[in-house]
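K.L.:
What follows is a structure written as structure tokens; I'll ask about it next.
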Amino acid sequence: MTDNKSNNYTDLFVFQKKILSHAKGFAAYNVKRIREIIRYFSKRALDLFYAVPFLLHVNSPRFPGYVESEMIPYGIYRFHQSGLWEITKKIFRVTPGEIRHILPRSYSIHALYLMGSLGTIGQTGYSDLDYWICVDTSEIEEKKLRLLQQKAELIKKWGKENFGQDINFFIMDINKIKNNDFGRITEDSSGSAQKSLLKEEFYRTLILIAGKMPFWAVFPPGLTDKEYLHSIDMTKQIKNINFFVDDHIDLGNLSAICKEEFLGASLWQCFKANSDPIKSIIKTSLLVERFFADDEGLPLCDEIKKGFQREHSEDHIDPYLLVFDHALRLYETLEDEPGLDLIRRCIFLRLNGIVSMRSRLTEGPKKALLEKYIIDWKWDDEKLNRMKSYAQWSETEKLAFENEILRKISFLFELLQSGLKNDQLPSFNMTPEDLIILKNKIRACFQKRPAKIPKCSTYLKKLAAGSGYVISQQIEENDKSKWLLSQGSLSNQKSDRGILYSSHSLIPVLGWLIANGLCTDVSSIYFWSFQGAITQIQGQKLLKELYNFFESGIAAQGEAFLTLQNIKMFIALNTGLSSNQDTLCHVDYLIQNTWQELFHYEIDLTPIENESQKCYQIVSDIQFFLQDFNKTKGAYRIYSRWKRLETEVADSVENFFKAASFSELITEQTEKKQR
Amino acid sequence: MEQITFLVVDGEEESKQNVINALSYLKYNKIYTANNGNEAWSILHMRKDVGCIISAWEMPNMNGIAFLRIVRASDQFSDLAFFLVTDDITRGQVVEAGEAGTTGIIIKPFTMENFNKKLNSMKQLRHEFANLESQKHFEKAKVHLDNKNYEKALSEFKKVLEYTENAEVYYNVGYIKTSQGNHEEAIIAFRKATQINNMFARAYRGMGTAYKKLGRSTEAEESLQKAAEIYMNKQMDDNAEEVLNEILQINPNTVNVFNSLGIIYRKQGKFEKALVQYQRAQKVDPDEAKILYNIGRCYVEMKDLAKAKEAFAQAVELSPDFEEAKQILKALEIGVF
């Protein structure tokens with residue numbers, strides 16, 4: 001044997017030993033994470049967690065997620081040899097005779113991972129299950145992929161309907177993951193905004209549920225791309241009964257993160273703050289801390305990896321704890337006391353879970369960490385009780401807290417921009433189109449504009465959709481009406497704390513419910529007014545009209561944010577007026593644009609004497625607000641509880657438009673003749 | 001009288017004021033107050049002169065016991081006098097408080113006499129002496145002790161005890177008596193020391209060793225076990241390990257000892273050593289699910305998941321309601337590929 005060969009064998013021996021040890025380390029870490037999932041989930045949520053891989057592994061009409069097609073790709077690599085398969089077989093009462101009929105002939109899914117807060121101290125009872133279904137698109141045609149997508153959608157729906165749990169499936173191409181290509185903003189993905197950063201988060205938080213283990217987990221941290229590729233080659237030479245190269249998957253290396261990505265990612269977090277400001281500020285703080293860190297872009301996931309690859313580690317590093325540590329470190333470094341206080345409050349709420357705040361945390365790592373934090377942060381009872389009572393804060397208080405968070409996120413974004421400006425112009429490392437869309441999405445969420453219906457707190461949006469509301473009329477000292485909206489019952493309106501929103505007109509109150517997606521069931525909204533201003537039936541009917549017209553809850557898709565245009569106009573006549581009205585006195589407009597923003601305007605028509613002139617005023621307003629928009633596509637809707645009035649005005653407005661079209665036609669023909 | 005700075009912790013104003021009034025009556029004028037454990041913890045760190053904490057047992061969010069445990073876990077305050085005040089107490093709570101390391105429990109309503117007695121026991125703990133004279137005797141005694149002039153040392157220690165009861169002095173007396181082979185008297189002295197300070201691990205250890213010499217192995221084991229528990233609670237693992245090994249010399253089949261040693265080694269990351277101890281414990285008591293659970297945990301840390309699964313499965317078989325074991329077993333069933 002030559003020296004060279006001998007060295008190679010020694011190298012391979014050492015390499016193999018390391019890889020085997022690392023694989024065992026990852027497996028043990030993975031078990032610990034799964035154990036935490038079991039700790040924090042309810043039995044109901046766990047049943048769903050057990051079921052999902054099974055449903056992706058089979059396609060039978062007897063089980064949820066069935067898609068009737070011979071072409072559908074399904075089946076997870078070696079899932080039927082796993083312990084989870086044995087568990088789910090029992091859950092779904094699969095008979096031995098049935099097994100051979102339901103098992104896939106081959107597999108299409110290389111691996112199924114969970115990513116995010118599950119299995120960490122950040123997990124709450126209602127945490128989403130975010131699955132990455134890893135497939136190789138070079139093996140599956142586009143139309144077959146759509147069938148898999150359909151199957152995933154069916155499982156998602158089944159999960160929501162039967163377990164009340166949100167599941168998100170992301171069908172990922174392994175080659176795209178390898179190249180950090182995670183889609184575009186227009187597909188409502190953050191992929192264009194964060195590339196290596198998303199991969200970093202994936203590696204930092206992944207749990208292997210079924211299928212193949214990423215090579216990343218078995219290789220030591222800090223490899224260059226060249227070393228990573230060389231290591232993959234080396235694994236092919238390993239001959240050991242405890243290591244099969246086919247059980248592993250190449251999802252790419254992660255050596256360093258380009259500084260420019262941080263800017264795009266933090267901009268993306270600015271947008272995400274609309275749905276979860278607490279999560280966003282923690283993530284943005286982490287981004288900024290990493291951006292300015294001395295360790296020159298060393299990925300955080302490597303810290304996790306170092307932990308599970310260590311020979312002996314009593315406790316694994318919790319990925320969320322790591323994030324909290326870095327987020328806190330940022331404000332300590334900046335010596336930003338108010339910022340430190342804010343991030344502590346956010347971490348407290350994140351750990352408690354704002355939904356489950358009322359129930360006490362059970363013993364476990366999360367409770368122990370919270371107790372430690374409270375001591376370390378020197379919180380007194382007043383502060384602790386204040387934070388514990390978050391769910392009972394008034395809507396105004398919650399909004400003020402969220403605004404404080406948004407201001408800090410905005411500051412952090414500026415800080416990042418200035419950090420980049422030192423040596424170059426800030427670049428977002430994303431397509432110009434995606435950048436426009438993302439910026440406009442942020443504007444739509446947060447920009448305050450005259451007449452715009454404001455947003456509600458994210459707490460309310462998350463937790464109160466579908467719950468009961470009361471809309472009541474209050475007569476003020478100057479005999480003017482005020483419409484108050486509260487949750488639950490009328491008694492909640494006894495103090496200002498119970499009021500969610502109020503306005504002098506009824507339409508903006510209804511618009512507020514629509515704009516914030518709080519009106520999913522009109523039968524749970526109760527109306528209470530003086531002197532018959534609106535009855536329960538009339539109120540619900542009006543709300544239903546508004547809901548159907550604006551198709552509430554359907555968010556604007558990516559492309560819609562490239563331009564800004566008003567698209568829909570609801571015209572409510574004499575709303576909230578008590579007596580039977582033959583004449584048109586008051587008009588409310590609710591206008592929706594392509595960004596799904598809603599605006600309210602109202603006009604008093606009593607100074608106009610002639611009914612026809614009043615209708616002409618409405619026509620002018622439609623033309624002003626909707627401009628060139630095609631009016632024939634149901635862009636406006638005239639509504640009144642007095643049907644005769646509604647018909648008369650609608651006809652009159654229609655006639656004006658017809659006449660205008662005729663006049664335009666005549667003008668066009670005259671111009672042609674003249675030419 | 002030497003001034004001690006007190007920290008009175010109580011969420012109820014009236015109850016807190018009662019303690020403050022009693023302290024003032026006894027001419028203790030340096031008193032800090034806090035409404036809860038968190039505030040108290042801040043004061044402890046900011047004001048370095050706190051010599052004694054008197055805390056209510058019942059407090060919102062963090063009760064007195066929880067606060068005591070935090071104080072005891074800290075190196076800086078592990079020996080600080082800490083009294084718990086309560087108006088009702090069960091035997092179980094007394095044990096709990098003792099294990100957590102309380103200096104004493106003050107039952108409300110208290111008489112001035114009782115209150116003063118309690119504070120005196122604290123002064124003994126703090127090695128404080130009634131006057132300068134007794135302190136001089138103590139220092140002389142220590143010099144004699146270092147020089148192994150046991151009789152002279154004993155004579156000086158006795159003079160100290162004429163002024164005041166003191167746990168440290170009794171411990172030293174016990175130590176001398178042991179060295180002189182007078183184990184019966186040594187036991188009496190050590191017991192006195194533990195009566196004054198029920199968290200005095202060295203005294204329990206001394207007592208255990210003396211019993212061992214007398215061949216009274218049951219009492220020796222009990223005393224050493226107590227010493228080991230105190231050391232473990234105070235995270236003084238090396239001392240605990242020594243004492244536990246001493247117990248094993250008396251009774252080579254003590255399950256608790258094996259288990260405790262296992263815990264110490266696991267915490268130190270010496271999983272193989274921990275496993276050996278757990279396996280010994282299991283040999284003695286094969287039906288104890290907790291030991292199997294600990295064995296399973298060790299295997300997880302050693303990354304031997306197959307063996308871990310086996311151990312947890314056995315633990316669940318022995319104790320079907322053992323939730324922790326069930327959860328981790330389920331995780332192993334799912335997570336091992």
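If you're wondering about the labels, chains in the structure tokens are A, B, ... by order shown, residues count from 1 in each chain, ligands from 1 in order shown.
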Only residues of chain B matter here; which ones have an atom within 9 Å of chain A, counting only C-alpha atoms? Give them as a PyMOL selection string.

P.N.:
chain B and resi 35-39+41-42+60-62+266-271+298+300-305+324+327-337

K.L.:
Near Gly174 (chain B), counting only C-alpha atoms, which residues have an atom at most 10 Å away, once you skip same-chain residues fewer than 5 positions from it, shown as a ChimeraX atom specification?

P.N.:
/B:154,168-169,179-180,182-193,203,206-207,210

K.L.:
Identify, on the basis of only C-alpha atoms, every residue whose closest approach to Val316 (chain B) does not exceed 10 Å; exclude the query and any residue fewer than 3 positions from it along the same chain; express the result as a ChimeraX atom specification.

P.N.:
/B:289-290,292-293,311-313,319-327,329

K.L.:
Could you check which of A:Gly511, A:Gly264, A:Pro450, A:Pro607 is closest to Gln194 (chain A), using only C-alpha atoms?

P.N.:
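Between A:Gly511, A:Gly264, A:Pro450, A:Pro607, the residue approaching Gln194 (chain A) most closely is A:Gly264.
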
K.L.:
Got a sec: who's within 7 Å of region 245-248 of chain B, counting only C-alpha atoms, leaving out chain neighbours fewer than 5 positions off, as a PyMOL selection string?

P.N.:
chain B and resi 221+224+254

K.L.:
I need the chosen residues saved as an mmCIF file, in the first residue's frame, with all heavy atoms.

P.N.:
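Heads up, here's the output in part_39.cif:
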data_model
loop_
_atom_site.group_PDB
_atom_site.id
_atom_site.type_symbol
_atom_site.label_atom_id
_atom_site.label_comp_id
_atom_site.auth_asym_id
_atom_site.auth_seq_id
_atom_site.Cartn_x
_atom_site.Cartn_y
_atom_site.Cartn_z
ATOM 1 N N GLU B 221 -25.870 6.224 57.843
ATOM 2 C CA GLU B 221 -26.391 6.384 56.480
ATOM 3 C C GLU B 221 -27.362 7.568 56.398
ATOM 4 O O GLU B 221 -27.301 8.381 55.484
ATOM 5 C CB GLU B 221 -27.096 5.084 56.098
ATOM 6 C CG GLU B 221 -27.176 4.886 54.604
ATOM 7 C CD GLU B 221 -27.919 3.603 54.251
ATOM 8 O OE1 GLU B 221 -27.655 2.559 54.884
ATOM 9 O OE2 GLU B 221 -28.763 3.681 53.360
ATOM 10 N N LEU B 224 -25.436 10.908 56.671
ATOM 11 C CA LEU B 224 -24.670 11.188 55.443
ATOM 12 C C LEU B 224 -25.602 11.517 54.274
ATOM 13 O O LEU B 224 -25.319 12.386 53.450
ATOM 14 C CB LEU B 224 -23.770 9.996 55.096
ATOM 15 C CG LEU B 224 -22.621 9.761 56.077
ATOM 16 C CD1 LEU B 224 -21.917 8.437 55.781
ATOM 17 C CD2 LEU B 224 -21.599 10.909 56.011
ATOM 18 N N THR B 254 -27.319 0.963 48.332
ATOM 19 C CA THR B 254 -28.280 2.025 48.621
ATOM 20 C C THR B 254 -28.768 2.669 47.312
ATOM 21 O O THR B 254 -28.019 3.373 46.631
ATOM 22 C CB THR B 254 -27.643 3.104 49.532
ATOM 23 O OG1 THR B 254 -26.965 2.424 50.567
ATOM 24 C CG2 THR B 254 -28.678 4.031 50.119
#

K.L.:
Please indicate the distance in Å from CA of Gly468 (chain A) to CA of Ser523 (chain A), rounded to one decimal place.

P.N.:
8.5 Å

K.L.:
DSSP on the backbone: which residues in region 88-257 of chain B end up as strand (DSSP E)? Give the answer as a list in words.

P.N.:
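Those residues are Gly104, Ile105, Ile106 and Ile107 of chain B.
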
K.L.:
Restrict the selected residues to N, CA, C and O atoms and save them as an mmCIF file, in the first residue's frame.

P.N.:
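Printed below is out.cif as written:
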data_model
loop_
_atom_site.group_PDB
_atom_site.id
_atom_site.type_symbol
_atom_site.label_atom_id
_atom_site.label_comp_id
_atom_site.auth_asym_id
_atom_site.auth_seq_id
_atom_site.Cartn_x
_atom_site.Cartn_y
_atom_site.Cartn_z
ATOM 1 N N GLY B 104 -35.198 29.514 59.312
ATOM 2 C CA GLY B 104 -36.234 29.271 60.303
ATOM 3 C C GLY B 104 -37.586 29.728 59.789
ATOM 4 O O GLY B 104 -37.677 30.472 58.802
ATOM 5 N N ILE B 105 -38.627 29.243 60.469
ATOM 6 C CA ILE B 105 -39.985 29.633 60.069
ATOM 7 C C ILE B 105 -40.606 30.410 61.222
ATOM 8 O O ILE B 105 -40.559 29.970 62.378
ATOM 9 N N ILE B 106 -41.151 31.555 60.912
ATOM 10 C CA ILE B 106 -41.788 32.377 61.944
ATOM 11 C C ILE B 106 -43.298 32.275 61.731
ATOM 12 O O ILE B 106 -43.794 32.580 60.639
ATOM 13 N N ILE B 107 -43.988 31.785 62.756
ATOM 14 C CA ILE B 107 -45.437 31.608 62.629
ATOM 15 C C ILE B 107 -46.154 32.869 63.129
ATOM 16 O O ILE B 107 -45.850 33.364 64.218
#

K.L.:
Neighbouring residues of Ala153 (chain B) were defined as those with any atom within 8 Å, considering only C-alpha atoms; residues of the same chain fewer than 5 positions away were excluded. Please report them as a list in words.

P.N.:
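My list of contacting residues is Lys140, Ala141, Lys142, Val143, His144 and Leu145 of chain B.
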
K.L.:
Using Å and a single decimal, report how far CA of Tyr150 (chain B) sits from CA of Ala220 (chain B).

P.N.:
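Between CA of Ala220 (chain B) and CA of Tyr150 (chain B) the gap is 24.4 Å.
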
K.L.:
Quick one: pick out all helix (DSSP H, G or I) residues within region 32-184 of chain B from a backbone DSSP run and write them as a short mmCIF file (atom, residue, chain, number, x, y, z; two decimals) with N, CA and C atoms, in the first residue's frame.

P.N.:
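Resulting contents of result37.cif:
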data_model
loop_
_atom_site.label_atom_id
_atom_site.label_comp_id
_atom_site.auth_asym_id
_atom_site.auth_seq_id
_atom_site.Cartn_x
_atom_site.Cartn_y
_atom_site.Cartn_z
N GLY B 37 -40.76 38.88 45.46
CA GLY B 37 -39.45 38.27 45.26
C GLY B 37 -38.59 39.01 44.25
N ASN B 38 -39.22 39.47 43.18
CA ASN B 38 -38.44 40.16 42.14
C ASN B 38 -37.79 41.43 42.66
N GLU B 39 -38.61 42.21 43.40
CA GLU B 39 -38.08 43.45 43.99
C GLU B 39 -36.97 43.14 44.97
N ALA B 40 -37.23 42.09 45.77
CA ALA B 40 -36.25 41.71 46.80
C ALA B 40 -34.93 41.31 46.15
N TRP B 41 -35.04 40.58 45.06
CA TRP B 41 -33.84 40.12 44.35
C TRP B 41 -33.02 41.31 43.86
N SER B 42 -33.72 42.32 43.36
CA SER B 42 -33.03 43.54 42.90
C SER B 42 -32.32 44.21 44.06
N ILE B 43 -33.04 44.33 45.19
CA ILE B 43 -32.45 45.00 46.36
C ILE B 43 -31.20 44.25 46.82
N LEU B 44 -31.32 42.91 46.85
CA LEU B 44 -30.17 42.09 47.28
C LEU B 44 -28.93 42.41 46.46
N HIS B 45 -29.13 42.61 45.17
CA HIS B 45 -27.99 42.88 44.31
C HIS B 45 -27.49 44.32 44.43
N MET B 46 -28.45 45.22 44.63
CA MET B 46 -28.06 46.63 44.69
C MET B 46 -27.43 46.99 46.04
N GLY B 64 -42.63 32.58 48.74
CA GLY B 64 -41.40 32.68 49.53
C GLY B 64 -40.44 31.53 49.29
N ILE B 65 -40.98 30.33 49.13
CA ILE B 65 -40.13 29.14 48.91
C ILE B 65 -39.37 29.28 47.59
N ALA B 66 -40.08 29.72 46.57
CA ALA B 66 -39.43 29.87 45.26
C ALA B 66 -38.32 30.91 45.35
N PHE B 67 -38.59 31.99 46.06
CA PHE B 67 -37.59 33.05 46.23
C PHE B 67 -36.38 32.50 47.00
N LEU B 68 -36.70 31.72 48.06
CA LEU B 68 -35.63 31.13 48.88
C LEU B 68 -34.72 30.24 48.00
N ARG B 69 -35.36 29.43 47.14
CA ARG B 69 -34.57 28.53 46.28
C ARG B 69 -33.64 29.33 45.38
N ILE B 70 -34.15 30.44 44.86
CA ILE B 70 -33.31 31.26 43.98
C ILE B 70 -32.13 31.85 44.76
N VAL B 71 -32.44 32.30 45.97
CA VAL B 71 -31.39 32.88 46.82
C VAL B 71 -30.32 31.81 47.14
N ARG B 72 -30.80 30.62 47.48
CA ARG B 72 -29.87 29.55 47.86
C ARG B 72 -29.04 29.06 46.66
N ALA B 73 -29.61 29.16 45.49
CA ALA B 73 -28.90 28.67 44.30
C ALA B 73 -27.76 29.61 43.91
N ARG B 91 -46.81 19.83 58.20
CA ARG B 91 -45.54 19.13 58.39
C ARG B 91 -44.77 19.07 57.04
N GLY B 92 -45.53 18.80 55.99
CA GLY B 92 -44.92 18.71 54.66
C GLY B 92 -44.23 20.02 54.26
N GLN B 93 -44.88 21.13 54.65
CA GLN B 93 -44.30 22.43 54.30
C GLN B 93 -43.02 22.70 55.09
N VAL B 94 -43.01 22.21 56.33
CA VAL B 94 -41.81 22.39 57.14
C VAL B 94 -40.64 21.67 56.47
N VAL B 95 -40.93 20.44 56.01
CA VAL B 95 -39.89 19.66 55.34
C VAL B 95 -39.45 20.39 54.06
N GLU B 96 -40.44 20.87 53.32
CA GLU B 96 -40.14 21.58 52.06
C GLU B 96 -39.25 22.79 52.32
N ALA B 97 -39.61 23.54 53.37
CA ALA B 97 -38.84 24.74 53.70
C ALA B 97 -37.43 24.37 54.14
N GLY B 98 -37.34 23.29 54.92
CA GLY B 98 -36.04 22.83 55.39
C GLY B 98 -35.16 22.44 54.21
N GLU B 99 -35.76 21.69 53.30
CA GLU B 99 -35.00 21.24 52.14
C GLU B 99 -34.55 22.41 51.26
N ALA B 100 -35.40 23.43 51.22
CA ALA B 100 -35.05 24.59 50.40
C ALA B 100 -33.96 25.42 51.06
N MET B 112 -43.11 38.78 70.77
CA MET B 112 -41.81 39.43 70.62
C MET B 112 -40.68 38.49 71.07
N GLU B 113 -41.02 37.68 72.08
CA GLU B 113 -40.03 36.74 72.62
C GLU B 113 -39.64 35.70 71.56
N ASN B 114 -40.68 35.12 70.94
CA ASN B 114 -40.42 34.12 69.90
C ASN B 114 -39.64 34.71 68.72
N PHE B 115 -40.06 35.88 68.37
CA PHE B 115 -39.42 36.55 67.23
C PHE B 115 -37.94 36.77 67.51
N ASN B 116 -37.66 37.24 68.74
CA ASN B 116 -36.28 37.49 69.15
C ASN B 116 -35.45 36.20 69.17
N LYS B 117 -36.09 35.12 69.65
CA LYS B 117 -35.42 33.82 69.69
C LYS B 117 -34.98 33.41 68.30
N LYS B 118 -35.90 33.57 67.38
CA LYS B 118 -35.60 33.18 66.00
C LYS B 118 -34.41 33.97 65.46
N LEU B 119 -34.44 35.27 65.76
CA LEU B 119 -33.35 36.11 65.25
C LEU B 119 -32.01 35.72 65.89
N ASN B 120 -32.07 35.31 67.13
CA ASN B 120 -30.84 34.89 67.80
C ASN B 120 -30.24 33.66 67.13
N SER B 121 -31.13 32.73 66.73
CA SER B 121 -30.61 31.53 66.06
C SER B 121 -29.90 31.94 64.77
N MET B 122 -30.42 32.99 64.15
CA MET B 122 -29.78 33.48 62.93
C MET B 122 -28.39 34.04 63.23
N LYS B 123 -28.29 34.73 64.37
CA LYS B 123 -27.00 35.33 64.72
C LYS B 123 -25.96 34.24 64.93
N GLN B 124 -26.44 33.11 65.51
CA GLN B 124 -25.51 31.99 65.73
C GLN B 124 -25.04 31.45 64.38
N LEU B 125 -25.98 31.41 63.47
CA LEU B 125 -25.64 30.93 62.13
C LEU B 125 -24.56 31.78 61.49
N LEU B 132 -17.25 41.00 72.00
CA LEU B 132 -15.88 40.95 71.51
C LEU B 132 -15.09 39.84 72.20
N GLU B 133 -15.41 39.68 73.50
CA GLU B 133 -14.72 38.69 74.32
C GLU B 133 -14.88 37.29 73.73
N SER B 134 -16.13 36.94 73.42
CA SER B 134 -16.38 35.58 72.91
C SER B 134 -15.72 35.40 71.55
N GLN B 135 -15.67 36.47 70.79
CA GLN B 135 -15.02 36.38 69.48
C GLN B 135 -13.53 36.09 69.63
N LYS B 136 -12.93 36.71 70.64
CA LYS B 136 -11.50 36.50 70.89
C LYS B 136 -11.25 35.02 71.24
N HIS B 137 -12.15 34.48 72.09
CA HIS B 137 -12.02 33.06 72.46
C HIS B 137 -12.12 32.17 71.23
N PHE B 138 -13.02 32.52 70.34
CA PHE B 138 -13.22 31.71 69.13
C PHE B 138 -11.96 31.71 68.27
N GLU B 139 -11.40 32.89 68.11
CA GLU B 139 -10.18 33.00 67.28
C GLU B 139 -9.02 32.22 67.89
N LYS B 140 -8.90 32.31 69.23
CA LYS B 140 -7.84 31.56 69.93
C LYS B 140 -8.05 30.07 69.70
N ALA B 141 -9.31 29.63 69.85
CA ALA B 141 -9.65 28.21 69.69
C ALA B 141 -9.25 27.72 68.31
N LYS B 142 -9.48 28.56 67.28
CA LYS B 142 -9.17 28.16 65.90
C LYS B 142 -7.65 27.95 65.73
N VAL B 143 -6.89 28.83 66.38
CA VAL B 143 -5.42 28.71 66.29
C VAL B 143 -4.99 27.40 66.93
N HIS B 144 -5.54 27.11 68.13
CA HIS B 144 -5.21 25.85 68.81
C HIS B 144 -5.60 24.66 67.95
N LEU B 145 -6.72 24.77 67.32
CA LEU B 145 -7.22 23.67 66.49
C LEU B 145 -6.27 23.41 65.31
N ASP B 146 -5.84 24.50 64.69
CA ASP B 146 -4.91 24.37 63.56
C ASP B 146 -3.62 23.69 64.01
N TYR B 150 -5.84 20.09 70.85
CA TYR B 150 -7.28 19.90 70.98
C TYR B 150 -7.84 20.34 72.33
N GLU B 151 -7.16 20.02 73.43
CA GLU B 151 -7.71 20.35 74.74
C GLU B 151 -7.84 21.85 74.93
N LYS B 152 -6.77 22.57 74.52
CA LYS B 152 -6.81 24.04 74.64
C LYS B 152 -7.92 24.61 73.76
N ALA B 153 -8.01 24.03 72.57
CA ALA B 153 -9.06 24.49 71.66
C ALA B 153 -10.43 24.27 72.27
N LEU B 154 -10.61 23.06 72.86
CA LEU B 154 -11.91 22.76 73.48
C LEU B 154 -12.25 23.74 74.58
N SER B 155 -11.23 24.02 75.36
CA SER B 155 -11.44 24.94 76.47
C SER B 155 -11.90 26.31 75.96
N GLU B 156 -11.26 26.80 74.90
CA GLU B 156 -11.65 28.12 74.35
C GLU B 156 -13.06 28.06 73.75
N PHE B 157 -13.36 26.97 73.02
CA PHE B 157 -14.71 26.85 72.42
C PHE B 157 -15.79 26.86 73.50
N LYS B 158 -15.49 26.17 74.61
CA LYS B 158 -16.47 26.13 75.70
C LYS B 158 -16.74 27.54 76.25
N LYS B 159 -15.65 28.35 76.30
CA LYS B 159 -15.82 29.73 76.78
C LYS B 159 -16.75 30.52 75.83
N VAL B 160 -16.61 30.26 74.55
CA VAL B 160 -17.50 30.94 73.59
C VAL B 160 -18.95 30.55 73.88
N LEU B 161 -19.14 29.25 74.13
CA LEU B 161 -20.51 28.76 74.35
C LEU B 161 -21.13 29.28 75.64
N GLU B 162 -20.29 29.78 76.52
CA GLU B 162 -20.85 30.40 77.73
C GLU B 162 -21.61 31.67 77.38
N TYR B 163 -21.17 32.31 76.32
CA TYR B 163 -21.83 33.56 75.90
C TYR B 163 -23.05 33.29 75.01
N ALA B 167 -23.48 27.30 66.00
CA ALA B 167 -23.38 26.05 65.24
C ALA B 167 -21.94 25.72 64.86
N GLU B 168 -21.22 26.74 64.44
CA GLU B 168 -19.84 26.53 64.00
C GLU B 168 -18.98 26.02 65.17
N VAL B 169 -19.23 26.58 66.34
CA VAL B 169 -18.47 26.17 67.53
C VAL B 169 -18.77 24.71 67.83
N TYR B 170 -20.06 24.35 67.82
CA TYR B 170 -20.42 22.95 68.10
C TYR B 170 -19.80 22.02 67.07
N TYR B 171 -19.77 22.48 65.83
CA TYR B 171 -19.16 21.64 64.78
C TYR B 171 -17.70 21.37 65.12
N ASN B 172 -17.01 22.43 65.52
CA ASN B 172 -15.59 22.28 65.86
C ASN B 172 -15.38 21.37 67.06
N VAL B 173 -16.29 21.48 68.00
CA VAL B 173 -16.21 20.60 69.18
C VAL B 173 -16.36 19.15 68.71
N GLY B 174 -17.35 18.93 67.86
CA GLY B 174 -17.59 17.59 67.30
C GLY B 174 -16.37 17.06 66.57
N TYR B 175 -15.75 17.95 65.82
CA TYR B 175 -14.56 17.57 65.05
C TYR B 175 -13.44 17.11 65.98
N ILE B 176 -13.24 17.89 67.06
CA ILE B 176 -12.17 17.54 68.03
C ILE B 176 -12.48 16.21 68.71
N LYS B 177 -13.74 16.06 69.11
CA LYS B 177 -14.13 14.82 69.79
C LYS B 177 -13.92 13.62 68.85
N THR B 178 -14.21 13.79 67.59
CA THR B 178 -14.00 12.70 66.63
C THR B 178 -12.52 12.37 66.56
N SER B 179 -11.71 13.42 66.46
CA SER B 179 -10.26 13.20 66.38
C SER B 179 -9.74 12.49 67.61
N HIS B 183 -16.54 9.38 70.02
CA HIS B 183 -17.58 9.55 69.00
C HIS B 183 -18.95 9.87 69.58
N GLU B 184 -19.28 9.32 70.75
CA GLU B 184 -20.58 9.62 71.35
C GLU B 184 -20.72 11.12 71.58
#

K.L.:
So which residues touch Phe82 (chain B) within 6 Å, counting only C-alpha atoms, skipping near sequence neighbours fewer than 5 positions away, as an MDAnalysis selection string?

P.N.:
chainID B and resid 52:54 102:103

K.L.:
Hey, what's within 9 Å of region 407-420 of chain A if we count only C-alpha atoms and toss same-chain stuff fewer than 6 positions away? As a PyMOL selection string, please?

P.N.:
chain A and resi 259-260+262-263+266-267+269-270+273+277+280-281+284-285+287-288+291-292+339+342+426-427

K.L.:
At what distance in Å, to one decimal, does CA of Leu485 (chain A) lie from CA of Val509 (chain A)?

P.N.:
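Computing it gives 7.0 Å between the two atoms.
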